[in-house]
>>> print(open('target.cif').read())   # mmCIF, C-alpha atoms and all ligand atoms
data_data
loop_
_atom_site.label_atom_id
_atom_site.label_comp_id
_atom_site.auth_asym_id
_atom_site.auth_seq_id
_atom_site.Cartn_x
_atom_site.Cartn_y
_atom_site.Cartn_z
CA MET T 30 0.00 0.00 0.00
CA ASP T 31 1.81 3.09 -1.30
CA ASN T 32 2.01 6.17 0.88
CA PHE T 33 0.44 4.44 3.85
CA LEU T 34 1.99 4.76 7.27
CA THR T 35 3.55 1.76 8.93
CA GLY T 36 1.37 0.92 11.91
CA ARG T 37 -1.94 1.67 10.16
CA GLU T 38 -2.23 -1.60 8.19
CA LYS T 39 -4.52 -3.32 10.71
CA GLN T 40 -7.06 -0.49 10.59
CA ILE T 41 -7.77 -1.13 6.91
CA VAL T 42 -9.56 -4.23 5.58
CA ARG T 43 -11.34 -5.28 2.42
CA SER T 44 -14.77 -6.85 2.54
CA GLY T 45 -14.55 -10.55 1.74
CA ASP T 46 -11.04 -10.88 3.21
CA THR T 47 -11.59 -13.01 6.30
CA SER T 48 -7.91 -13.28 7.18
CA GLN T 49 -7.93 -10.06 9.19
CA LYS T 50 -10.23 -8.33 11.67
CA ILE T 51 -10.19 -4.55 11.64
CA GLN T 52 -8.48 -2.84 14.57
CA CYS T 53 -10.30 0.19 16.00
CA ALA T 54 -11.05 2.20 19.16
CA LYS T 55 -7.39 3.05 19.68
CA PRO T 56 -5.46 6.33 19.79
CA SER T 57 -4.51 7.82 16.43
CA LEU T 58 -1.05 7.03 15.14
CA ALA T 59 1.31 9.98 15.71
CA GLY T 60 1.87 11.88 12.47
CA SER T 61 -1.07 10.39 10.62
CA VAL T 62 -3.06 13.70 10.57
CA SER T 63 -6.21 11.90 11.66
CA GLN T 64 -9.60 13.27 10.60
CA ARG T 65 -10.64 12.99 14.27
CA ALA T 66 -11.27 16.07 16.40
CA CYS T 67 -10.03 16.67 19.97
CA VAL T 68 -11.64 15.82 23.33
CA PHE T 69 -12.88 19.39 23.83
CA CYS T 70 -14.51 19.39 20.40
CA GLY T 71 -16.19 16.04 21.18
CA SER T 72 -17.74 17.36 24.39
CA ARG T 73 -18.69 20.66 22.78
CA VAL T 74 -20.60 19.08 19.87
CA VAL T 75 -22.64 16.94 22.24
CA LEU T 76 -23.58 19.68 24.72
CA TYR T 77 -23.80 22.59 22.30
CA PRO T 78 -27.51 22.19 21.30
CA ILE T 79 -28.76 22.79 24.88
CA SER T 80 -30.10 26.15 23.93
CA ASP T 81 -30.99 27.76 27.28
CA ALA T 82 -27.61 26.99 28.87
CA LEU T 83 -24.52 29.17 28.89
CA HIS T 84 -21.50 27.53 27.26
CA VAL T 85 -18.19 29.09 28.32
CA ILE T 86 -14.90 27.93 26.88
CA HIS T 87 -11.99 28.41 29.26
CA GLY T 88 -9.01 28.67 26.97
CA PRO T 89 -7.45 30.58 24.08
CA ILE T 90 -9.83 32.18 21.60
CA GLY T 91 -8.92 29.65 18.89
CA CYS T 92 -10.70 26.79 20.69
CA ALA T 93 -13.89 28.84 20.85
CA ALA T 94 -13.62 29.95 17.23
CA TYR T 95 -13.02 26.37 16.08
CA THR T 96 -16.29 25.20 17.66
CA TRP T 97 -18.42 28.33 17.20
CA ASP T 98 -21.90 27.35 16.01
CA ILE T 99 -20.36 23.97 15.18
CA ARG T 100 -23.66 22.20 14.56
CA GLY T 101 -26.60 23.48 12.58
CA ALA T 102 -28.60 22.55 15.67
CA LEU T 103 -31.87 24.46 15.55
CA SER T 104 -33.83 25.60 18.57
CA SER T 105 -37.57 26.20 18.82
CA GLY T 106 -36.94 28.73 21.61
CA PRO T 107 -33.83 30.32 23.12
CA GLU T 108 -30.64 30.59 21.08
CA LEU T 109 -28.06 31.25 23.77
CA HIS T 110 -26.13 28.18 22.57
CA ARG T 111 -25.24 29.86 19.30
CA ASN T 112 -22.84 32.25 21.04
CA SER T 113 -19.26 31.24 21.64
CA PHE T 114 -18.13 32.68 24.98
CA SER T 115 -14.43 32.38 25.76
CA THR T 116 -12.10 33.52 28.52
CA ASP T 117 -9.58 34.29 25.75
CA LEU T 118 -6.47 33.27 27.71
CA HIS T 119 -3.16 34.96 26.86
CA GLU T 120 0.48 34.83 27.98
CA LYS T 121 -0.35 36.61 31.26
CA GLU T 122 -2.76 33.84 32.30
CA VAL T 123 -0.30 31.16 31.18
CA VAL T 124 2.16 32.59 33.72
CA PHE T 125 -0.19 33.70 36.54
CA GLY T 126 -3.20 31.43 35.98
CA GLY T 127 -6.63 32.09 34.47
CA GLU T 128 -8.95 31.49 37.43
CA THR T 129 -9.67 35.18 38.07
CA LYS T 130 -10.54 35.72 34.43
CA LEU T 131 -12.86 32.72 34.50
CA TYR T 132 -14.54 33.91 37.69
CA GLU T 133 -15.13 37.40 36.27
CA SER T 134 -16.31 36.14 32.86
CA LEU T 135 -18.74 33.63 34.33
CA SER T 136 -20.19 36.10 36.81
CA GLU T 137 -20.71 38.74 34.14
CA LEU T 138 -22.23 36.33 31.61
CA ILE T 139 -24.67 34.88 34.13
CA ASP T 140 -25.85 38.37 35.15
CA ARG T 141 -26.26 39.40 31.54
CA TYR T 142 -27.88 36.29 30.00
CA LYS T 143 -29.66 34.66 32.97
CA PRO T 144 -29.16 31.08 31.69
CA LYS T 145 -30.84 27.98 33.15
CA ALA T 146 -27.43 26.38 33.79
CA ALA T 147 -23.84 26.80 32.61
CA PHE T 148 -21.26 24.45 31.12
CA VAL T 149 -17.60 25.46 31.45
CA TYR T 150 -15.18 23.63 29.16
CA SER T 151 -11.48 23.21 29.83
CA THR T 152 -9.08 23.15 26.88
CA CYS T 153 -5.48 22.02 26.29
CA LEU T 154 -4.01 25.17 27.76
CA VAL T 155 -6.07 24.93 30.95
CA GLY T 156 -5.00 21.31 31.34
CA VAL T 157 -1.37 22.42 31.08
CA ILE T 158 -1.46 25.43 33.41
CA GLY T 159 -3.62 23.54 35.91
CA ASP T 160 -6.37 26.07 36.76
CA ASP T 161 -8.77 24.74 39.39
CA MET T 162 -11.83 25.16 37.21
CA GLU T 163 -14.03 23.12 39.54
CA ALA T 164 -13.34 25.45 42.47
CA VAL T 165 -14.23 28.51 40.38
CA CYS T 166 -17.46 26.84 39.19
CA ARG T 167 -18.39 25.93 42.76
CA ARG T 168 -17.78 29.50 43.96
CA VAL T 169 -19.83 31.16 41.18
CA SER T 170 -22.54 28.51 41.51
CA LYS T 171 -22.96 29.38 45.19
CA GLU T 172 -22.92 33.13 44.59
CA LYS T 173 -25.35 33.06 41.66
CA GLN T 174 -27.48 30.10 42.83
CA LEU T 175 -27.08 28.41 39.45
CA THR T 176 -26.01 24.93 38.35
CA ILE T 177 -22.56 25.30 36.80
CA ILE T 178 -21.04 22.14 35.38
CA PRO T 179 -17.28 21.93 34.72
CA VAL T 180 -16.56 19.87 31.61
CA GLN T 181 -13.04 18.48 31.92
CA SER T 182 -12.04 18.27 28.29
CA PRO T 183 -8.41 19.26 27.60
CA GLY T 184 -8.04 18.53 23.89
CA TYR T 185 -4.93 16.39 24.23
CA SER T 186 -6.37 14.03 26.86
CA GLY T 187 -7.71 11.48 24.36
CA THR T 188 -9.84 11.47 21.23
CA LYS T 189 -13.15 13.02 20.23
CA LYS T 190 -14.87 9.93 21.61
CA ASP T 191 -13.45 10.63 25.08
CA GLY T 192 -15.06 14.06 24.72
CA TYR T 193 -18.44 12.37 24.20
CA LYS T 194 -17.93 10.49 27.45
CA VAL T 195 -17.02 13.66 29.34
CA ALA T 196 -20.16 15.34 27.94
CA CYS T 197 -22.31 12.38 29.04
CA GLU T 198 -20.83 12.61 32.54
CA ALA T 199 -21.71 16.31 32.61
CA LEU T 200 -25.29 15.56 31.47
CA ALA T 201 -25.60 12.81 34.07
CA THR T 202 -25.10 15.40 36.82
CA LEU T 203 -28.23 17.22 35.58
CA VAL T 204 -30.46 14.17 35.09
CA GLY T 205 -32.55 13.34 38.15
CA THR T 206 -32.55 16.84 39.65
CA SER T 207 -36.26 17.47 38.95
CA ASP T 208 -39.37 15.39 39.60
CA ARG T 209 -42.13 16.34 37.19
CA GLU T 210 -44.78 13.67 36.53
CA ILE T 211 -45.14 12.60 32.88
CA PRO T 212 -47.27 10.01 30.98
CA LYS T 213 -46.24 6.36 31.24
CA ILE T 214 -45.75 5.90 27.51
CA SER T 215 -42.92 8.37 27.16
CA ILE T 216 -39.46 8.46 25.69
CA ASN T 217 -36.31 10.55 25.74
CA ILE T 218 -34.66 11.05 22.36
CA LEU T 219 -30.90 10.73 22.85
CA GLY T 220 -28.28 11.46 20.22
CA ASP T 221 -30.26 13.54 17.77
CA PHE T 222 -28.95 17.08 17.50
CA ASN T 223 -31.78 18.69 15.51
CA ILE T 224 -29.57 19.46 12.56
CA ALA T 225 -31.66 21.27 9.95
CA GLY T 226 -34.73 20.57 12.12
CA GLU T 227 -34.56 16.76 11.83
CA LEU T 228 -35.63 16.23 15.41
CA TRP T 229 -38.95 17.97 14.78
CA LEU T 230 -39.72 15.42 12.05
CA LEU T 231 -38.98 12.54 14.41
CA GLN T 232 -41.03 14.09 17.20
CA GLU T 233 -43.97 14.32 14.81
CA TYR T 234 -43.70 10.58 13.99
CA TYR T 235 -43.62 9.61 17.66
CA ARG T 236 -46.49 11.95 18.52
CA LYS T 237 -48.61 10.49 15.72
CA MET T 238 -48.01 7.08 17.23
CA GLY T 239 -49.22 8.36 20.62
CA ILE T 240 -45.90 8.62 22.45
CA TYR T 241 -45.03 11.46 24.82
CA ILE T 242 -41.57 12.95 24.28
CA ASN T 243 -40.00 13.94 27.55
CA ALA T 244 -36.45 15.21 26.98
CA THR T 245 -34.53 15.63 23.75
CA ILE T 246 -30.83 15.19 24.49
CA THR T 247 -29.41 17.31 23.23
CA GLY T 248 -31.06 18.62 20.01
CA ASP T 249 -33.43 21.51 20.82
CA GLY T 250 -32.54 20.60 24.43
CA ARG T 251 -33.65 22.44 27.55
CA VAL T 252 -32.04 22.23 30.96
CA ASP T 253 -35.32 21.57 32.84
CA ASP T 254 -36.29 18.70 30.53
CA ILE T 255 -32.88 17.07 30.96
CA ARG T 256 -33.24 17.37 34.74
CA ASN T 257 -36.45 15.33 34.42
CA ALA T 258 -35.11 12.83 31.88
CA HIS T 259 -35.02 9.94 34.39
CA LYS T 260 -38.83 9.88 34.35
CA ALA T 261 -39.25 8.61 30.77
CA GLY T 262 -40.17 4.98 30.11
CA LEU T 263 -37.47 4.47 27.48
CA ASN T 264 -34.30 6.08 26.18
CA VAL T 265 -34.18 5.88 22.39
CA VAL T 266 -30.54 6.34 21.43
CA GLN T 267 -29.33 7.47 18.05
CA CYS T 268 -25.70 8.29 17.24
CA SER T 269 -24.82 5.63 19.79
CA GLY T 270 -21.16 6.67 19.71
CA SER T 271 -21.93 9.87 21.54
CA MET T 272 -24.87 8.97 23.76
CA MET T 273 -24.70 5.29 24.64
CA TYR T 274 -22.58 6.11 27.66
CA LEU T 275 -25.33 8.36 29.11
CA ALA T 276 -27.98 5.72 28.37
CA LYS T 277 -25.90 3.17 30.29
CA ILE T 278 -25.46 5.53 33.26
CA MET T 279 -29.24 6.13 33.35
CA LYS T 280 -29.94 2.42 33.17
CA GLU T 281 -27.62 1.76 36.06
CA LYS T 282 -28.84 4.65 38.20
CA TYR T 283 -32.59 4.68 37.46
CA GLY T 284 -33.19 1.26 35.86
CA GLN T 285 -34.24 3.06 32.67
CA PRO T 286 -34.13 0.78 29.61
CA PHE T 287 -32.61 1.98 26.33
CA MET T 288 -32.83 1.06 22.66
CA LYS T 289 -30.30 1.77 19.92
CA VAL T 290 -31.82 3.10 16.68
CA SER T 291 -30.94 4.93 13.50
CA TYR T 292 -33.17 7.38 11.66
CA PHE T 293 -31.25 7.36 8.38
CA GLY T 294 -32.79 5.42 5.51
CA VAL T 295 -36.34 4.08 5.33
CA GLU T 296 -35.42 0.63 6.61
CA ASP T 297 -33.78 1.84 9.82
CA MET T 298 -36.37 4.58 10.36
CA SER T 299 -39.18 2.02 10.16
CA ASP T 300 -37.30 -0.39 12.44
CA ALA T 301 -36.96 2.42 15.00
CA LEU T 302 -40.70 3.17 15.05
CA TYR T 303 -41.69 -0.50 15.17
CA GLY T 304 -39.07 -1.17 17.84
CA VAL T 305 -40.37 1.59 20.12
CA ALA T 306 -44.00 0.48 19.58
CA LYS T 307 -43.05 -3.11 20.40
CA PHE T 308 -41.26 -2.05 23.56
CA PHE T 309 -44.40 -0.52 25.11
CA LYS T 310 -46.48 -3.64 24.24
CA GLU T 311 -49.53 -1.54 23.26
CA LYS T 312 -51.54 -2.79 20.28
CA GLU T 313 -52.62 0.72 19.36
CA LEU T 314 -49.03 1.98 19.15
CA MET T 315 -48.12 -0.82 16.75
CA GLU T 316 -51.17 -0.09 14.58
CA ASN T 317 -50.35 3.60 14.51
CA ALA T 318 -46.72 2.89 13.59
CA SER T 319 -47.81 0.54 10.83
CA LEU T 320 -50.24 3.09 9.37
CA LEU T 321 -47.67 5.87 9.48
CA ILE T 322 -45.00 3.74 7.78
CA LYS T 323 -47.42 2.59 5.06
CA GLU T 324 -48.44 6.16 4.31
CA GLU T 325 -44.84 7.38 4.17
CA PHE T 326 -43.77 4.49 1.90
CA ALA T 327 -46.66 5.19 -0.48
CA ARG T 328 -45.63 8.84 -0.60
CA ILE T 329 -41.88 8.52 -1.12
CA MET T 330 -41.20 5.21 -2.88
CA PRO T 331 -42.28 6.26 -6.41
CA VAL T 332 -39.78 9.15 -6.24
CA ILE T 333 -37.05 6.92 -4.78
CA ARG T 334 -37.56 4.43 -7.63
CA MET T 335 -37.12 7.23 -10.16
CA TYR T 336 -33.78 8.21 -8.57
CA LYS T 337 -32.70 4.56 -8.39
CA GLU T 338 -33.14 4.14 -12.11
CA LYS T 339 -30.97 7.15 -12.85
CA LEU T 340 -28.26 6.45 -10.26
CA GLN T 341 -27.83 2.74 -11.02
CA GLY T 342 -24.12 1.87 -11.23
CA LYS T 343 -22.80 4.91 -9.33
CA LYS T 344 -20.23 4.30 -6.60
CA ALA T 345 -19.91 6.03 -3.24
CA ALA T 346 -17.23 6.55 -0.60
CA ILE T 347 -18.43 7.15 2.98
CA TYR T 348 -16.37 8.60 5.82
CA VAL T 349 -18.34 9.70 8.88
CA GLY T 350 -17.92 10.17 12.64
CA GLY T 351 -19.54 6.95 13.89
CA SER T 352 -19.70 3.51 12.28
CA PHE T 353 -23.38 3.02 13.20
CA LYS T 354 -24.35 5.88 10.88
CA ALA T 355 -22.20 4.34 8.13
CA ILE T 356 -24.34 1.17 8.29
CA SER T 357 -27.53 3.16 7.67
CA LEU T 358 -25.87 5.04 4.83
CA ILE T 359 -24.80 1.84 3.06
CA LYS T 360 -28.42 0.62 3.18
CA ALA T 361 -29.85 3.99 2.10
CA LEU T 362 -27.43 4.16 -0.85
CA ARG T 363 -28.36 0.64 -1.91
CA LEU T 364 -32.02 1.69 -1.95
CA ILE T 365 -31.19 4.31 -4.59
CA GLY T 366 -28.96 2.02 -6.66
CA VAL T 367 -25.58 3.31 -5.41
CA GLN T 368 -22.83 0.86 -4.44
CA THR T 369 -20.58 1.65 -1.47
CA VAL T 370 -16.93 1.04 -2.41
CA VAL T 371 -15.13 2.78 0.49
CA VAL T 372 -16.50 3.10 4.01
CA GLY T 373 -14.91 4.32 7.21
CA SER T 374 -15.40 6.22 10.43
CA GLN T 375 -13.48 8.20 13.02
CA THR T 376 -14.72 6.31 16.08
CA GLY T 377 -16.07 2.93 14.91
CA THR T 378 -16.68 -0.15 17.05
CA PRO T 379 -15.69 -3.77 16.27
CA GLU T 380 -19.37 -4.89 16.16
CA ASP T 381 -20.35 -2.19 13.66
CA TYR T 382 -17.32 -2.88 11.45
CA ALA T 383 -18.16 -6.60 11.44
CA LEU T 384 -21.68 -5.77 10.24
CA ILE T 385 -20.29 -3.40 7.61
CA GLN T 386 -18.08 -6.21 6.31
CA GLU T 387 -21.14 -8.44 5.97
CA LEU T 388 -23.23 -5.74 4.30
CA CYS T 389 -20.73 -4.55 1.71
CA ASP T 390 -19.85 -6.11 -1.62
CA GLU T 391 -16.58 -7.97 -1.91
CA GLY T 392 -13.57 -5.70 -2.24
CA THR T 393 -15.12 -2.69 -0.46
CA ILE T 394 -12.42 -0.91 1.52
CA ILE T 395 -13.26 -0.51 5.22
CA VAL T 396 -11.07 1.90 7.17
CA ASP T 397 -10.88 3.14 10.75
CA ASP T 398 -9.51 6.56 11.84
CA SER T 399 -8.25 7.46 8.38
CA ASN T 400 -6.38 10.50 7.08
CA PRO T 401 -6.61 12.61 3.88
CA ILE T 402 -3.83 10.76 2.01
CA GLU T 403 -5.38 7.34 2.57
CA LEU T 404 -8.88 8.52 1.75
CA SER T 405 -7.73 10.17 -1.48
CA GLN T 406 -5.95 6.97 -2.56
CA PHE T 407 -8.96 4.77 -1.78
CA VAL T 408 -11.38 7.04 -3.61
CA LYS T 409 -9.12 7.04 -6.68
CA GLU T 410 -8.52 3.30 -6.58
CA LYS T 411 -12.22 2.45 -6.32
CA LYS T 412 -13.27 5.17 -8.79
CA ALA T 413 -15.99 6.56 -6.50
CA ASP T 414 -18.44 9.04 -8.06
CA ILE T 415 -19.49 10.67 -4.83
CA PHE T 416 -18.05 11.22 -1.34
CA ILE T 417 -20.32 11.35 1.71
CA GLY T 418 -18.70 12.88 4.78
CA GLY T 419 -18.29 16.02 6.86
CA VAL T 420 -16.49 19.32 6.73
CA LYS T 421 -13.00 17.75 6.63
CA GLU T 422 -13.84 15.40 3.78
CA ARG T 423 -15.39 18.08 1.57
CA PRO T 424 -12.03 19.49 0.31
CA ILE T 425 -10.76 15.95 -0.40
CA ALA T 426 -13.76 15.30 -2.65
CA TYR T 427 -13.52 18.61 -4.47
CA LYS T 428 -9.76 18.33 -4.99
CA LEU T 429 -10.31 14.92 -6.55
CA GLY T 430 -13.10 16.29 -8.71
CA LEU T 431 -16.06 14.32 -7.45
CA GLY T 432 -19.44 15.13 -5.95
CA PHE T 433 -19.81 15.61 -2.21
CA CYS T 434 -22.77 15.11 0.14
CA ASP T 435 -22.52 16.66 3.61
CA HIS T 436 -23.85 14.22 6.19
CA ASN T 437 -22.41 15.91 9.24
CA HIS T 438 -23.06 18.80 11.64
CA GLU T 439 -22.97 21.54 9.09
CA ARG T 440 -25.61 20.27 6.69
CA LYS T 441 -28.54 22.52 5.96
CA GLU T 442 -30.83 19.80 4.68
CA GLY T 443 -32.55 17.32 7.02
CA LEU T 444 -31.52 13.79 6.07
CA ALA T 445 -33.32 11.80 8.80
CA GLY T 446 -36.70 10.13 8.53
CA TYR T 447 -38.74 9.52 5.38
CA GLU T 448 -38.57 13.13 4.26
CA GLY T 449 -34.82 12.99 4.89
CA MET T 450 -34.48 9.93 2.63
CA LEU T 451 -36.08 11.92 -0.18
CA ASN T 452 -33.72 14.84 0.45
CA PHE T 453 -30.76 12.45 0.52
CA ALA T 454 -31.72 10.82 -2.80
CA LYS T 455 -32.25 14.23 -4.38
CA GLU T 456 -28.89 15.52 -3.13
CA ILE T 457 -26.97 12.41 -4.23
CA TYR T 458 -28.61 12.61 -7.65
CA ALA T 459 -27.95 16.34 -8.06
CA THR T 460 -24.28 16.13 -7.13
CA ALA T 461 -23.35 12.78 -8.70
CA MET T 462 -25.00 13.66 -12.02
CA SER T 463 -23.81 17.25 -12.17
CA PRO T 464 -22.20 17.99 -15.58
CA VAL T 465 -19.44 19.97 -13.81
CA TRP T 466 -17.44 16.82 -12.99
CA GLN T 467 -16.67 16.12 -16.67
CA PHE T 468 -14.35 19.14 -16.58
CA THR T 469 -12.42 18.01 -13.49
CA ARG T 470 -11.36 14.46 -14.34
S1 LIG T 501 -8.65 22.05 23.13
FE1 LIG T 501 -6.58 21.81 22.31
S2 LIG T 501 -6.76 20.49 20.49
FE2 LIG T 501 -8.83 21.24 21.04
S3 LIG T 501 -9.15 23.10 19.80
FE3 LIG T 501 -8.29 23.78 21.76
S4 LIG T 501 -6.05 23.81 21.46
FE4 LIG T 501 -6.91 22.62 19.77
#
>>> encode(input="target.cif", output="structure tokens", more="lines below")
Ligand code: SF4
Amino acid sequence: MDNFLTGREKQIVRSGDTSQKIQCAKPSLAGSVSQRACVFCGSRVVLYPISDALHVIHGPIGCAAYTWDIRGALSSGPELHRNSFSTDLHEKEVVFGGETKLYESLSELIDRYKPKAAFVYSTCLVGVIGDDMEAVCRRVSKEKQLTIIPVQSPGYSGTKKDGYKVACEALATLVGTSDREIPKISINILGDFNIAGELWLLQEYYRKMGIYINATITGDGRVDDIRNAHKAGLNVVQCSGSMMYLAKIMKEKYGQPFMKVSYFGVEDMSDALYGVAKFFKEKELMENASLLIKEEFARIMPVIRMYKEKLQGKKAAIYVGGSFKAISLIKALRLIGVQTVVVGSQTGTPEDYALIQELCDEGTIIVDDSNPIELSQFVKEKKADIFIGGVKERPIAYKLGLGFCDHNHERKEGLAGYEGMLNFAKEIYATAMSPVWQFTR
């Protein structure tokens, strides 16, 4: 394998090759310029959509700028989350410490914005200079009578996935601090971040079925709902990479069951609705789910079939944050006639990769924690027509002269649910068939 780093071989396999199991869930190889983000970024993306909380980044301004408005997470109410507050540490604080600056910033921001709670994130620099962030949070919390949660996330202390865990630990300190009664047939939606309003679509499906939605964690999230999250009958967990840890904590602490789902692609969306209906063992819920799914299929399938005809034979490369999402994407692409030839993720699990190997056609390249050089080589080798990824994969696709579909935080089009499947098919068609690519290859 030309240009590939020694030490990365075991994180790359080809479907059909049973001689090797993919290695994953390990730190990135030094020098490989991994597509992964840091611990701070991981915690920030998970907590960011809580829209009535104050989010303060204790560190240099660059960390705050890097994660400013990082998700297109929409709110139906307050929009405090869309600000990026930073203590903007400089040389002076590196020498004398930044606790005073944090104390003053937090106090001023709380007076000015009157948030429902505050999250304070530590960054690499704070980890190095050793500010006692927890003590400052405790002091301000007492003075202002507000819940202030320190999020210990120095960027260097692991990978983005460790940031998810830190965020879940922070959320777990909020859960269980309120006791509002709610209907028995109720769920929390975990791991949907309301990108381009996707959560509202899902809420509508569940409501039509007759299910009460308690807390949404964290898309369109509110502090008071998260406090009461332990009351719901079931945690429905999407994006399991980021939220499974919280679901496990809640199961252990409150005996709350959880279910892993995906909302991408009609197959997985339908499985999610049927799965939730089955869990509550209510005949009416199952009937409602069945009716809803039938109606949605009747509405979207003729259009999907039209796209399938036109896209038949096209090849796709996928590189996303979590491997669970990659599985849904492979199925959704197959539904519109597109073959997956390269698939990878930043934070995949052995179970998901095993399933990907089963799902994909022989010869499909499966890669964990990749880098731009590898991805470019794979895309060229497999002659992909379209790349599906996030902000860091976009330039790779464009430099290689192939279509790109954003399936990450920054997208402006909802891709979840039945409506999302239509949007996805339309976007793949528009970009893969664009005449512009004939001038780039
Ligand atoms: S926390 Fe560290 S790695 Fe993350 S953005 Fe800030 S400086 Fe960079």
>>> closest_residue(input="target.cif", among="T:Thr245, T:Thr188, T:Thr35, T:Gln49", to="ligand LIG 501 (chain T)", atoms="only C-alpha atoms and all ligand atoms")
T:Thr188
>>> closest_residue(input="target.cif", among="T:Arg65, T:Lys360, T:Lys237, T:Lys310", to="ligand LIG 501 (chain T)", atoms="all atoms listed in the file")
T:Arg65
>>> closest_atom_pairs(input="target.cif", of="chain T", to="ligand LIG 501 (chain T)", cutoff="10 Å", atoms="all atoms listed in the file", output="Markdown table")
| residue | atom | partner | partner_atom | distance |
| --- | --- | --- | --- | --- |
| T:Ala66 | CA | T:LIG501 | FE2 | 7.4 |
| T:Cys67 | CA | T:LIG501 | FE2 | 4.8 |
| T:Val68 | CA | T:LIG501 | FE2 | 6.5 |
| T:Phe69 | CA | T:LIG501 | S1 | 5.0 |
| T:Cys70 | CA | T:LIG501 | FE2 | 6.0 |
| T:Gly71 | CA | T:LIG501 | FE2 | 9.0 |
| T:Ile86 | CA | T:LIG501 | FE3 | 9.3 |
| T:His87 | CA | T:LIG501 | S1 | 9.4 |
| T:Gly88 | CA | T:LIG501 | FE3 | 7.2 |
| T:Pro89 | CA | T:LIG501 | FE3 | 7.2 |
| T:Ile90 | CA | T:LIG501 | FE3 | 8.5 |
| T:Gly91 | CA | T:LIG501 | FE3 | 6.6 |
| T:Cys92 | CA | T:LIG501 | FE3 | 4.0 |
| T:Ala93 | CA | T:LIG501 | S3 | 7.5 |
| T:Ala94 | CA | T:LIG501 | S3 | 8.6 |
| T:Tyr95 | CA | T:LIG501 | S3 | 6.3 |
| T:Thr96 | CA | T:LIG501 | S3 | 7.7 |
| T:Tyr150 | CA | T:LIG501 | S1 | 9.0 |
| T:Ser151 | CA | T:LIG501 | S1 | 7.4 |
| T:Thr152 | CA | T:LIG501 | S1 | 3.9 |
| T:Cys153 | CA | T:LIG501 | FE1 | 4.1 |
| T:Leu154 | CA | T:LIG501 | S4 | 6.8 |
| T:Val155 | CA | T:LIG501 | S1 | 8.7 |
| T:Gly156 | CA | T:LIG501 | S1 | 9.0 |
| T:Ser182 | CA | T:LIG501 | S1 | 7.2 |
| T:Pro183 | CA | T:LIG501 | S1 | 5.3 |
| T:Gly184 | CA | T:LIG501 | S1 | 3.7 |
| T:Tyr185 | CA | T:LIG501 | S2 | 5.8 |
| T:Ser186 | CA | T:LIG501 | FE1 | 9.0 |
| T:Gly187 | CA | T:LIG501 | S2 | 9.9 |
| T:Thr188 | CA | T:LIG501 | S2 | 9.6 |
| T:Lys189 | CA | T:LIG501 | FE2 | 9.3 |
>>> closest_residue(input="target.cif", among="T:Ala345, T:Ala426, T:Val408, T:Val42", to="Ile457 in chain T", atoms="only C-alpha atoms")
T:Ala345
>>> closest_residue(input="target.cif", among="T:Phe433, T:Tyr427, T:Tyr348, T:Tyr303", to="Ser399 in chain T", atoms="only C-alpha atoms")
T:Tyr348
>>> closest_residue(input="target.cif", among="T:Met273, T:Ile242, T:Val349, T:Cys197", to="Arg423 in chain T", atoms="only C-alpha atoms")
T:Val349
>>> closest_residue(input="target.cif", among="T:Gly220, T:Gly294, T:Gly226, T:Gly419", to="Ala244 in chain T", atoms="all atoms listed in the file")
T:Gly220
>>> atom_distance(input="target.cif", atom1="CA of Ala225 in chain T", atom2="CA of Gly192 in chain T")
23.4 Å
>>> atom_distance(input="target.cif", atom1="CA of Glu233 in chain T", atom2="CA of Phe308 in chain T")
18.8 Å
>>> residues_around(input="target.cif", residues="range 79-82 of chain T", least_positions_apart="3", cutoff="7 Å", atoms="all atoms listed in the file", output="CSV table (one decimal) with C-alpha atoms, in the frame of the given file")
chain,number,residue,atom,x,y,z
T,76,LEU,CA,-23.6,19.7,24.7
T,104,SER,CA,-33.8,25.6,18.6
T,107,PRO,CA,-33.8,30.3,23.1
T,108,GLU,CA,-30.6,30.6,21.1
T,109,LEU,CA,-28.1,31.2,23.8
T,110,HIS,CA,-26.1,28.2,22.6
T,144,PRO,CA,-29.2,31.1,31.7
T,145,LYS,CA,-30.8,28.0,33.2
T,146,ALA,CA,-27.4,26.4,33.8
T,147,ALA,CA,-23.8,26.8,32.6
T,247,THR,CA,-29.4,17.3,23.2
T,248,GLY,CA,-31.1,18.6,20.0
T,249,ASP,CA,-33.4,21.5,20.8
T,250,GLY,CA,-32.5,20.6,24.4
T,251,ARG,CA,-33.6,22.4,27.6
T,252,VAL,CA,-32.0,22.2,31.0
>>> residues_around(input="target.cif", residues="Ala346 in chain T", least_positions_apart="6", cutoff="9 Å", atoms="all atoms listed in the file", output="MDAnalysis selection string")
chainID T and resid 368:373 404 407:408 411 413:418
>>> atom_distance(input="target.cif", atom1="CA of Ser57 in chain T", atom2="CA of Tyr77 in chain T")
25.0 Å
>>> residues_near_point(input="target.cif", point="(-26.3, 2.9, -5.5)", cutoff="12 Å", atoms="only C-alpha atoms", output="MDAnalysis selection string")
chainID T and resid 333:334 336:346 358:370 389:390 413:415 454 457:458 461
>>> axis_aligned_box(input="target.cif", around="range 107-123 of chain T", padding_each_side="3 Å", output="lines of an AutoDock Vina configuration file")
center_x = -16.7
center_y = 32.4
center_z = 25.8
size_x = 40.3
size_y = 14.4
size_z = 19.0
